[in-house]
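Okay, so here's the structure we're looking at.
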Amino acid sequence: MRIRVIAFGMIIFIAVIALVALGIILLARILYRRHLDRVVAGKERGVHTNRVEPNSVAKIVFAVAAAIWMVLSVVCLSIYLSVINTRIEDMKNDLSNQISMMDGSIAMLREELKEAKSMLSSSEYEFKAIDAEKKTMDIEFRVVPKKIDANATVTVSWGPYSTEMKQVGGTYRGTMTTELFKRVSEDPVITIQSGDVKETEILQGTLSNSPADNYFRDPYVWYDDRRVTWLESGTAVQIDGHAEYFNKGLLPVEGLKITSGAIVIRSGSTELKRVPVDVNGTETIIDLSGEYSFVTDSMEMLIELTTDAGWKIESPFERIELDGRNSVAQIGYVEVLDKDGKLLFSTGRDY
């Protein structure tokens with residue numbers, strides 16, 4: 001539509017230029033003829049006059065018209081190319097959207113096909129208990145088969161661990177005892193065997209790595225509206241702000257209980273501040289404002305939880321580096337230490 005408007009506008013503009021040029025040429029011819037008539041009548045002497053000869057006027061008019069035409073052509077071509085590029089970009093975006101919709105539809109179709117091929121209507125697991133002395137965890141699996149023989153045997157295995165499932169109502173349940181901190185490379189697998197017929201299926205989206213990786217989640221601390229000001233000494237900072245502990249991250253299980261917690265600011269192994277938090281409440285707001293001096297080349301703020309087994313669960317949420325005067329948020333890092341300070345588990349750090 002826009003191109004048609006541009007083309008129509010060009011035609012009108014060219015027609016106007018042509019009419020103006022023709023008018024100028026005709027006016028020049030009329031004036032020149034009047035001059036010649038006055039010379040013949042003896043009213044003017046000589047053929048020289050301030051009126052331009054018509055052929056010269058025509059040449060000038062044609063030159064100006066040609067220049068206008070060239071400029072107009074360049075402008076129109078630029079507009080045309082811009083419109084074409086816009087159309088191409090719109091087509092690309094439309095095609096990209098269609099491809100995204102198709103990808104989404106294909107993903108949904110694959111998921112539906114996978115669900116249709118699945119032996120199960122549902123599957124889930126739950127952490128039931130931790131033995132701190134043996135460092136084991138009991139995990140209960142619950143599955144609901146779509147169709148199963150009454151005499152079939154159902155088992156769930158995860159690496160070296162397995163459990164036979166017992167039917168309770170329409171749900172098969174089984175508790176698996178695993179090593180809490182041992183990593184497993186495979187996904188859990190369910191096996192249904194009826195006579196000589198054995199069917200297996202991977203329980204995707206359930207457990208991965210070790211039980212500890214799935215259980216020891218990042219305790220939820222929100223540290224916002226903060227400001228770190230470097231003092232003139234260059235080895236100390238003024239921190240203004242507060243942290244909020246939401247008492248989330250660890251699911252309650254038998255055998256392991258959080259007995260106390262604190263927000264800690266430390267540099268190396270030196271504690272600069274410790275503020276207790278309420279591990280039995282829903283939210284604790286801690287004021288962290290103050291002046292803190294570096295003992296090593298960095299300091300960090302972390303949530304520290306202590307269990308009835310003497311384990312400490314530490315999760316840093318802010319790191320301040322002396323070199324470069326940099327402050328970096330820390331997310332997802334968790335470490336578990338025993339009562340003697342030995343590292344039992346770590347999600348790994350990049351520093």
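Numbering starts fresh at 1 for the residues of each chain in the structure tokens, the chains themselves are lettered A, B, ... in the order given, and ligands are numbered from 1 as they appear.
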
### Message
Could you list, as a VMD selection string, every residue within 10 Å of Lys147 (chain A), counting only C-alpha atoms and ignoring same-chain residues fewer than 2 positions away?
### Response
chain A and resid 119 to 121 144 to 145 149 to 150

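Residues with any atom within 9 Å of Val277 (chain A), counting only C-alpha atoms and excluding same-chain neighbours fewer than 4 positions away, are Tyr245, Asn247, Ser260, Gly261, Ala262, Ile263, Gly281, Glu283, Thr284, Ile285 and Ile286 of chain A.
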
Please, could you write that set of residues out with all heavy atoms as a CSV table (one decimal), in the first residue's frame?
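What ended up in out_7.csv:
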chain,number,residue,atom,x,y,z
A,245,TYR,N,15.8,-13.1,55.9
A,245,TYR,CA,15.9,-14.6,55.9
A,245,TYR,C,14.5,-15.1,56.0
A,245,TYR,O,13.7,-14.8,56.9
A,245,TYR,CB,16.7,-15.1,57.1
A,245,TYR,CG,16.6,-16.6,57.3
A,245,TYR,CD1,17.1,-17.4,56.3
A,245,TYR,CD2,16.1,-17.2,58.4
A,245,TYR,CE1,17.0,-18.8,56.4
A,245,TYR,CE2,16.1,-18.6,58.6
A,245,TYR,CZ,16.5,-19.4,57.6
A,245,TYR,OH,16.4,-20.7,57.7
A,247,ASN,N,13.5,-18.4,56.0
A,247,ASN,CA,13.3,-19.7,56.6
A,247,ASN,C,12.8,-20.7,55.6
A,247,ASN,O,11.9,-21.5,55.8
A,247,ASN,CB,12.3,-19.7,57.8
A,247,ASN,CG,12.4,-20.9,58.7
A,247,ASN,OD1,13.4,-21.6,58.7
A,247,ASN,ND2,11.4,-21.2,59.4
A,260,SER,N,19.6,-23.8,65.0
A,260,SER,CA,19.9,-22.4,65.1
A,260,SER,C,20.4,-21.9,63.7
A,260,SER,O,20.8,-22.7,62.9
A,260,SER,CB,21.0,-22.2,66.2
A,260,SER,OG,22.2,-22.8,65.8
A,261,GLY,N,20.4,-20.6,63.6
A,261,GLY,CA,20.9,-20.0,62.4
A,261,GLY,C,21.4,-18.6,62.6
A,261,GLY,O,21.0,-18.0,63.6
A,262,ALA,N,22.2,-18.1,61.7
A,262,ALA,CA,22.7,-16.7,61.9
A,262,ALA,C,23.2,-16.2,60.5
A,262,ALA,O,23.6,-17.0,59.6
A,262,ALA,CB,23.9,-16.7,62.8
A,263,ILE,N,23.1,-14.9,60.4
A,263,ILE,CA,23.7,-14.2,59.2
A,263,ILE,C,25.1,-13.8,59.7
A,263,ILE,O,25.3,-13.2,60.8
A,263,ILE,CB,22.9,-13.0,58.8
A,263,ILE,CG1,21.5,-13.3,58.3
A,263,ILE,CG2,23.7,-12.2,57.8
A,263,ILE,CD1,21.5,-14.0,57.0
A,281,GLY,N,10.6,-19.3,62.7
A,281,GLY,CA,9.6,-18.3,62.2
A,281,GLY,C,9.5,-18.3,60.7
A,281,GLY,O,10.0,-19.3,60.1
A,283,GLU,N,10.1,-15.2,58.8
A,283,GLU,CA,10.9,-14.2,58.2
A,283,GLU,C,11.7,-13.4,59.3
A,283,GLU,O,11.2,-13.2,60.4
A,283,GLU,CB,10.1,-13.2,57.5
A,283,GLU,CG,10.8,-12.0,56.8
A,283,GLU,CD,9.9,-11.1,56.1
A,283,GLU,OE1,8.7,-11.4,56.0
A,283,GLU,OE2,10.4,-10.0,55.6
A,284,THR,N,13.0,-13.2,59.1
A,284,THR,CA,13.8,-12.4,60.0
A,284,THR,C,14.5,-11.3,59.2
A,284,THR,O,15.1,-11.6,58.2
A,284,THR,CB,14.9,-13.2,60.7
A,284,THR,OG1,14.2,-14.3,61.4
A,284,THR,CG2,15.6,-12.4,61.7
A,285,ILE,N,14.4,-10.0,59.6
A,285,ILE,CA,15.1,-8.9,59.0
A,285,ILE,C,16.3,-8.5,59.8
A,285,ILE,O,16.2,-8.3,61.0
A,285,ILE,CB,14.1,-7.7,58.8
A,285,ILE,CG1,12.9,-8.1,57.9
A,285,ILE,CG2,14.9,-6.6,58.2
A,285,ILE,CD1,11.9,-7.1,57.8
A,286,ILE,N,17.5,-8.5,59.2
A,286,ILE,CA,18.7,-8.3,59.9
A,286,ILE,C,19.4,-7.0,59.4
A,286,ILE,O,19.6,-6.9,58.2
A,286,ILE,CB,19.7,-9.4,59.8
A,286,ILE,CG1,19.0,-10.7,60.3
A,286,ILE,CG2,21.0,-9.2,60.6
A,286,ILE,CD1,18.5,-11.6,59.2

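Residues in contact range of region 265-269 of chain A, defined as at most 7 Å between only C-alpha atoms, with sequence neighbours fewer than 4 positions away removed, read Lys273, Arg274, Phe294, Val295, Thr296, Ser298, Met299, Glu300, Met301 and Leu302 of chain A.
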
### Message
Based on the backbone DSSP call, show me all residues of region 65-253 of chain A assigned strand (DSSP E or B), as number ranges by chain.
### Response
A: 120-131, 136-145, 153-158, 161-164, 166-168, 171-179, 184, 189-194, 197-202, 209, 221-230, 236-245, 253

### Message
So that I can check the surroundings of Gly195 (chain A), please list as JSON, numbers by chain every protein, DNA and RNA residue that reaches within 9 Å of it, counting only C-alpha atoms and ignoring chain neighbours fewer than 3 positions away.
### Response
{"A": [151, 152, 153, 198]}

#### Entry: Residue neighbourhood Gly234 (chain A), 10 Å, only C-alpha atoms, exclusion window fewer than 6 positions, as a list in words
Ser293, Phe294, Leu322, Asp323 and Arg325 of chain A

### Query
Of the residues A:Met102, A:Pro316, A:Lys135, A:Val189, which is the one nearest to Val328 (chain A), using only C-alpha atoms?
A:Pro316

### Task
Could you check which of A:Glu124, A:Glu179, A:Glu318, A:Asp340 is closest to Leu203 (chain A), using only C-alpha atoms?
A:Glu124

For Ser185 (chain A), find every residue with an atom within 8 Å (counting only C-alpha atoms), except residues of its own chain fewer than 3 positions away, and show them as a PDB file with N, CA, C and O atoms, in the first residue's frame.
ATOM      1  N   GLY A 159      20.925 -46.004  40.150  1.00  0.00           N
ATOM      2  CA  GLY A 159      22.315 -46.409  40.265  1.00  0.00           C
ATOM      3  C   GLY A 159      22.411 -47.709  41.038  1.00  0.00           C
ATOM      4  O   GLY A 159      21.769 -48.707  40.696  1.00  0.00           O
ATOM      5  N   SER A 208      18.729 -36.208  40.517  1.00  0.00           N
ATOM      6  CA  SER A 208      19.943 -36.111  39.710  1.00  0.00           C
ATOM      7  C   SER A 208      21.127 -35.880  40.634  1.00  0.00           C
ATOM      8  O   SER A 208      20.980 -35.365  41.741  1.00  0.00           O
ATOM      9  N   ASN A 209      22.307 -36.292  40.191  1.00  0.00           N
ATOM     10  CA  ASN A 209      23.526 -36.197  40.989  1.00  0.00           C
ATOM     11  C   ASN A 209      23.364 -36.964  42.304  1.00  0.00           C
ATOM     12  O   ASN A 209      23.050 -38.150  42.276  1.00  0.00           O
TER      13      ASN A 209
END

### Task
Can you pull out every residue within 9 Å of Thr347 (chain A), counting only C-alpha atoms, but drop anything in the same chain fewer than 4 positions away, and send it as a ChimeraX atom specification?
/A:213,332-335

Can you write just those residues out, all heavy atoms, as a PDB file, in the first residue's frame?
ATOM      1  N   ASP A 213      22.486 -33.049  46.573  1.00  0.00           N
ATOM      2  CA  ASP A 213      22.260 -32.013  45.559  1.00  0.00           C
ATOM      3  C   ASP A 213      20.787 -31.658  45.456  1.00  0.00           C
ATOM      4  O   ASP A 213      20.437 -30.520  45.141  1.00  0.00           O
ATOM      5  CB  ASP A 213      22.765 -32.497  44.191  1.00  0.00           C
ATOM      6  CG  ASP A 213      24.262 -32.313  44.030  1.00  0.00           C
ATOM      7  OD1 ASP A 213      24.706 -31.172  43.890  1.00  0.00           O
ATOM      8  OD2 ASP A 213      24.980 -33.326  44.066  1.00  0.00           O
ATOM      9  N   GLY A 332      23.054 -19.777  44.935  1.00  0.00           N
ATOM     10  CA  GLY A 332      23.061 -21.214  44.681  1.00  0.00           C
ATOM     11  C   GLY A 332      24.225 -21.980  45.277  1.00  0.00           C
ATOM     12  O   GLY A 332      24.335 -23.189  45.075  1.00  0.00           O
ATOM     13  N   TYR A 333      25.121 -21.318  46.008  1.00  0.00           N
ATOM     14  CA  TYR A 333      26.249 -22.017  46.613  1.00  0.00           C
ATOM     15  C   TYR A 333      25.855 -22.534  47.995  1.00  0.00           C
ATOM     16  O   TYR A 333      25.381 -21.783  48.842  1.00  0.00           O
ATOM     17  CB  TYR A 333      27.464 -21.104  46.745  1.00  0.00           C
ATOM     18  CG  TYR A 333      27.975 -20.578  45.433  1.00  0.00           C
ATOM     19  CD1 TYR A 333      28.195 -19.221  45.255  1.00  0.00           C
ATOM     20  CD2 TYR A 333      28.246 -21.438  44.372  1.00  0.00           C
ATOM     21  CE1 TYR A 333      28.675 -18.732  44.046  1.00  0.00           C
ATOM     22  CE2 TYR A 333      28.712 -20.958  43.166  1.00  0.00           C
ATOM     23  CZ  TYR A 333      28.922 -19.603  43.009  1.00  0.00           C
ATOM     24  OH  TYR A 333      29.384 -19.128  41.819  1.00  0.00           O
ATOM     25  N   VAL A 334      26.088 -23.823  48.236  1.00  0.00           N
ATOM     26  CA  VAL A 334      25.778 -24.426  49.529  1.00  0.00           C
ATOM     27  C   VAL A 334      26.912 -25.367  49.910  1.00  0.00           C
ATOM     28  O   VAL A 334      27.402 -26.135  49.076  1.00  0.00           O
ATOM     29  CB  VAL A 334      24.447 -25.207  49.492  1.00  0.00           C
ATOM     30  CG1 VAL A 334      24.162 -25.844  50.850  1.00  0.00           C
ATOM     31  CG2 VAL A 334      23.291 -24.300  49.092  1.00  0.00           C
ATOM     32  N   GLU A 335      27.327 -25.298  51.164  1.00  0.00           N
ATOM     33  CA  GLU A 335      28.322 -26.225  51.697  1.00  0.00           C
ATOM     34  C   GLU A 335      27.799 -26.810  53.012  1.00  0.00           C
ATOM     35  O   GLU A 335      27.144 -26.113  53.794  1.00  0.00           O
ATOM     36  CB  GLU A 335      29.657 -25.530  51.938  1.00  0.00           C
ATOM     37  CG  GLU A 335      30.353 -25.113  50.645  1.00  0.00           C
ATOM     38  CD  GLU A 335      31.695 -24.455  50.887  1.00  0.00           C
ATOM     39  OE1 GLU A 335      31.974 -24.068  52.042  1.00  0.00           O
ATOM     40  OE2 GLU A 335      32.469 -24.346  49.913  1.00  0.00           O
TER      41      GLU A 335
END

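Each of A:Arg227, A:Arg319, A:Lys339, A:Lys92 was compared to Glu291 (chain A) using only C-alpha atoms, and A:Arg227 turns out to be the nearest.
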
### Query
Separation of CA of Ile190 (chain A) and CA of Trp158 (chain A), in Å?
9.0 Å

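Residue nearest Asp297 (chain A) within the list A:Gly174, A:Pro276, A:Gly324, A:Gly310: A:Gly324 [criterion: smallest interatomic distance, only C-alpha atoms].
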
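Taking CA of Met137 (chain A) as the reference point, CA of Ile331 (chain A) is found at 25.3 Å.
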
Restrict the calculation to only C-alpha atoms, then for each residue of region 286-315 of chain A with any atom at most 8 Å from an atom of region 239-243 of chain A give the closest atom pair and their distance in Å to one decimal, rows by chain and rising residue number, as a Markdown table.
| residue | atom | partner | partner_atom | distance |
| --- | --- | --- | --- | --- |
| A:Ile286 | CA | A:Ala243 | CA | 5.2 |
| A:Asp287 | CA | A:His242 | CA | 4.3 |
| A:Leu288 | CA | A:His242 | CA | 5.1 |
| A:Ser289 | CA | A:Asp240 | CA | 4.3 |
| A:Gly290 | CA | A:Ile239 | CA | 5.5 |
| A:Glu291 | CA | A:Ile239 | CA | 6.3 |
| A:Tyr292 | CA | A:Ile239 | CA | 7.6 |

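In this model, the gap between CA of Val168 (chain A) and CA of Ile202 (chain A) comes to 22.0 Å.
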
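Among the candidates A:Pro219, A:Gly205, A:Pro160, A:Pro211, the residue lying nearest to Leu180 (chain A) is A:Pro211 (atoms considered: only C-alpha atoms).
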
### Expected answer as a list of chain:residue names: helix (DSSP H, G or I) residues in region 113-287 of chain A
A:Leu113, A:Lys114, A:Glu115, A:Ala116, A:Lys117, A:Pro211, A:Ala212, A:Asp213, A:Asn214, A:Tyr215
